[in-house]
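Below: the structure, in structure tokens.
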Amino acid sequence: MQVQRDEAYFQWLIRTYFSDPKRWIQLKKGDILLEQGHYNNRLYYIRQGKMIGYMFTPEGQVEILQAGPGAFVGIYSFFSKNFTSVATVEAIEDCELAYINSNQQVISTRGECSLEQQFMPMVMSDLLRRQQELQRLNQERAQTLKKLLDQQRLASLGQMAAGIAHELNNAVAVLSRNTSWLVEQLQLLCGDPTFLPFFELGLNKGRIYSSREVRARKKQLLEHFQLTDKEADLLAQTGLSDDVLFDNGKLKFPAENVYRYWELGATFYDMLVAADQTSHVVHSIRTLGIQHSQRQPGVNLNETIKETITLLRHRLRDIQVDLNLHSLPPVEANKGELIQLWMNLLQNAIEAIKQVPDKKGQIKITSKLSKDLIKVEIRDNGPGIPDEIKNKIFQPNVTTKVSGLSFGLGLGLTIVQRIVTNYNGTIDVTSSKKGTYFTIKIPIGG
Amino acid sequence: MEKLQIICIDDQREVLAAVKKDLEIFRDYCELITCEAADEAEEVIQDLKNEQKPLALIICDHIMPSENGIDFIIRLNQAGQLKGTQKMLLTGLATHQETIKAINEAEVDYYIEKPWVQSDFQKAVKKLLTRYILQNELNQEEFKPILDEDSL
């Protein structure tokens, strides 16, 4: 609500009482005008600059007013006639003030008999303004408090997660190490060198063909070769080409055997990937709980980007990744943290791309040095960030994934921002329907 | 004997491969078709229809990109595509609300949580296939090894 004040009257009042330069004073930024509990018999009018008023309470210092040009200061002590300031008022900019004393004579034109009467409209509007100001301050405080609580909640979630993560990591380590061991043993024991390549193909590449592609391949196999439905089905899954499987139109090896060995490998691949995924999730939750991390000199940022891509290879298999990494000076950093940073950004890019199933996914990563800043840009051709969350993507609990196994915790960008801030860097995002790109700038000095 | 048709939908290939392994015991009696998305499954259902092969069982994940499992099944129900088909939801995470929707609107016959236990999963599939065989008055003798004794 805005109070309509009679401008003409106000101007008259100011001209009449506050236009004598002999009663003007200058304050420097930081000067104290009034002190709580101290004598004051003046009413000040702010000609220029800004002032802030605060009270000392048992709970601490509370800001009660901010006043700029056109506002009055000293209203309480002046009009209550006890001439004691209720607050401490400080100049937060260089100020010029005009004032009247308590012995000021009434200068009347309309027959008012007292200063109080004359100033009443102005004082009321000023008090209302202050009240509105206070309300705004209160709202701001409530928001800050909420933010703080959110952060605390996040930190305690992180601490709790750190405990769980430790246990989970042990379990995952057992699974993943033993899987690797089994792989080695099988390679050693696998008596028949004919089939070992099929095992290794499955193990190294996993299931590279979609269910749709497998069906098409099965159909093709049935059309071109004399195979049973079952044989075609098994062979189609392996994705092996005709020349590997056939000799003069005849199967070189029993389909069942080829499939068994390949499937054995592919299954191990799945298990290793699953273990990887689990440790990543555990790690990302744990990162929230970590306050400070150990940094080492000589970290190559480009290497961390490449490493992240290796870790994400299974999720990037249908996506074209263009790397444009320029040579960068080594920095003092925590490698794990940086991998975490790229990991979260890339996973968001992958998620975005997956939302448009028919489009060929594309991610471009550029790194370069400009002056003393390392600039990394990650660009995807997904559908862009929805408008309704654009302004709050860095807040915790904001996710485009309504629910899901793929962990729509909404922590990804919160982690990203925290890491970037830890390195005194900045992050910017630009998003349209054609895609999204994040730009991260990190000073080489750290 | 005409093999029973089973469709399994999950956006993760690894999960489909695992399901396939667990359903290998039905191999001689059933044909398992795996799909990575709802729209793909819809095409397969159409193909089956054209070949006049009825769909005995649909096993569907819930959380998938684009269309989720429950909505997909509801849509197929409404289009009359799943008449007589047994429906199983195999999912890692469905909220309370979604589960209610699955029962009331998608009329799902069985709910299995990931990670699943092989024997429970196999038993559930047996149960649903047996129900299908009984409802369609198929020759029980032919399918004897995969019938669920408790359901008979």
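Within each chain, counting starts at residue 1; across the structure tokens, chains are named A, B, ... in the order shown, with ligands numbered 1 upward in that order.
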With chain A as the partner and 8 Å as the cut-off, tabulate the residues of chain B that qualify, each row holding the nearest pair of atoms and their distance in Å to one decimal, using only C-alpha atoms, sorted by chain and rising number, as a Markdown table.
| residue | atom | partner | partner_atom | distance |
| --- | --- | --- | --- | --- |
| B:Arg13 | CA | A:Arg207 | CA | 7.1 |
| B:Glu14 | CA | A:Asp270 | CA | 5.9 |
| B:Thr34 | CA | A:Ser211 | CA | 6.1 |
| B:Cys35 | CA | A:Ser211 | CA | 5.5 |
| B:Glu36 | CA | A:Ser211 | CA | 6.4 |
| B:Glu40 | CA | A:Arg212 | CA | 7.6 |
| B:Ile63 | CA | A:Gly404 | CA | 5.7 |
| B:Pro65 | CA | A:Gln355 | CA | 6.5 |
| B:Ser66 | CA | A:Gln355 | CA | 6.6 |
| B:Gly92 | CA | A:Leu405 | CA | 6.2 |
| B:Leu93 | CA | A:Gly404 | CA | 6.2 |
| B:Ala94 | CA | A:Gly404 | CA | 7.9 |
What does the file look like for those residues with N, CA and C atoms, as a PDB file, in the first residue's frame?
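The new file selection-v5.pdb reads:
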ATOM      1  N   ARG B  13      18.365 -51.948 -20.433  1.00  0.00           N
ATOM      2  CA  ARG B  13      18.687 -53.207 -21.118  1.00  0.00           C
ATOM      3  C   ARG B  13      19.161 -54.276 -20.158  1.00  0.00           C
ATOM      4  N   GLU B  14      19.923 -53.841 -19.153  1.00  0.00           N
ATOM      5  CA  GLU B  14      20.474 -54.802 -18.194  1.00  0.00           C
ATOM      6  C   GLU B  14      19.349 -55.517 -17.455  1.00  0.00           C
ATOM      7  N   THR B  34      11.184 -58.490 -25.610  1.00  0.00           N
ATOM      8  CA  THR B  34      11.591 -57.397 -24.721  1.00  0.00           C
ATOM      9  C   THR B  34      11.525 -56.058 -25.457  1.00  0.00           C
ATOM     10  N   CYS B  35      11.124 -55.031 -24.738  1.00  0.00           N
ATOM     11  CA  CYS B  35      11.004 -53.694 -25.322  1.00  0.00           C
ATOM     12  C   CYS B  35      11.583 -52.672 -24.346  1.00  0.00           C
ATOM     13  N   GLU B  36      12.155 -51.621 -24.906  1.00  0.00           N
ATOM     14  CA  GLU B  36      12.788 -50.622 -24.046  1.00  0.00           C
ATOM     15  C   GLU B  36      11.924 -49.394 -23.777  1.00  0.00           C
ATOM     16  N   GLU B  40       7.458 -48.655 -28.220  1.00  0.00           N
ATOM     17  CA  GLU B  40       7.964 -49.849 -28.892  1.00  0.00           C
ATOM     18  C   GLU B  40       7.062 -51.043 -28.590  1.00  0.00           C
ATOM     19  N   ILE B  63       8.762 -46.684 -13.897  1.00  0.00           N
ATOM     20  CA  ILE B  63       9.429 -45.423 -14.197  1.00  0.00           C
ATOM     21  C   ILE B  63      10.270 -45.537 -15.460  1.00  0.00           C
ATOM     22  N   PRO B  65      11.348 -43.210 -19.247  1.00  0.00           N
ATOM     23  CA  PRO B  65      11.236 -41.913 -19.921  1.00  0.00           C
ATOM     24  C   PRO B  65       9.988 -41.893 -20.802  1.00  0.00           C
ATOM     25  N   SER B  66       9.562 -40.749 -21.162  1.00  0.00           N
ATOM     26  CA  SER B  66       8.290 -40.490 -21.865  1.00  0.00           C
ATOM     27  C   SER B  66       7.126 -41.098 -21.078  1.00  0.00           C
ATOM     28  N   GLY B  92      10.976 -50.527  -9.302  1.00  0.00           N
ATOM     29  CA  GLY B  92      11.824 -50.233  -8.158  1.00  0.00           C
ATOM     30  C   GLY B  92      11.218 -49.190  -7.263  1.00  0.00           C
ATOM     31  N   LEU B  93      10.368 -48.376  -7.828  1.00  0.00           N
ATOM     32  CA  LEU B  93       9.822 -47.306  -7.020  1.00  0.00           C
ATOM     33  C   LEU B  93       8.482 -46.838  -7.550  1.00  0.00           C
ATOM     34  N   ALA B  94       7.457 -47.065  -6.777  1.00  0.00           N
ATOM     35  CA  ALA B  94       6.168 -46.465  -7.099  1.00  0.00           C
ATOM     36  C   ALA B  94       5.650 -45.891  -5.792  1.00  0.00           C
TER      37      ALA B  94
END
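Neighbouring residues of B:Asp61 at 7 Å or closer, counting only C-alpha atoms and skipping chain neighbours under 4 positions away, are Ile9, Asp10, Gly69, Leu89, Leu90 and Thr91 of chain B.
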Can I get the selected residues back with C-alpha atoms, as a PDB file, in the first residue's frame?
ATOM      1  CA  ILE B   9       9.094 -53.493 -20.974  1.00  0.00           C
ATOM      2  CA  ASP B  10      11.925 -51.776 -19.143  1.00  0.00           C
ATOM      3  CA  GLY B  69       4.238 -47.973 -17.010  1.00  0.00           C
ATOM      4  CA  LEU B  89       4.218 -54.348 -12.659  1.00  0.00           C
ATOM      5  CA  LEU B  90       7.921 -54.816 -11.998  1.00  0.00           C
ATOM      6  CA  THR B  91       9.272 -51.669 -10.490  1.00  0.00           C
TER       7      THR B  91
END
Could you name the residues that touch B:Gln5 at 6 Å or less, counting only C-alpha atoms, but leaving out those on the same chain fewer than 5 positions away, as a list in words? Cys30, Glu31, Leu55 and Ala56 of chain B
Could you tell me, as an mmCIF file with C-alpha atoms, in the first residue's frame, which residues of stretch 68-141 of chain B DSSP assigns to strand (DSSP E or B) when given the backbone?
data_model
loop_
_atom_site.group_PDB
_atom_site.id
_atom_site.type_symbol
_atom_site.label_atom_id
_atom_site.label_comp_id
_atom_site.auth_asym_id
_atom_site.auth_seq_id
_atom_site.Cartn_x
_atom_site.Cartn_y
_atom_site.Cartn_z
ATOM 1 C CA GLN B 86 -2.328 -60.705 -17.430
ATOM 2 C CA LYS B 87 -0.573 -57.591 -16.175
ATOM 3 C CA MET B 88 2.439 -57.427 -13.930
ATOM 4 C CA LEU B 89 4.218 -54.348 -12.659
ATOM 5 C CA LEU B 90 7.921 -54.816 -11.998
ATOM 6 C CA THR B 91 9.272 -51.669 -10.490
ATOM 7 C CA TYR B 110 0.623 -58.591 -9.780
ATOM 8 C CA TYR B 111 3.180 -56.233 -8.335
ATOM 9 C CA ILE B 112 6.841 -57.170 -7.973
ATOM 10 C CA GLU B 113 9.400 -54.915 -6.443
#
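Between atom CA of A:Phe83 and atom CA of A:Phe56 the separation is 18.1 Å.
Here atom CA of A:Val420 stands at a distance of 15.5 Å from atom CA of A:Val299.
For the atom pair formed by atom CA of A:Gly361 and atom CA of A:Leu203, the distance is 25.1 Å, given to one decimal.
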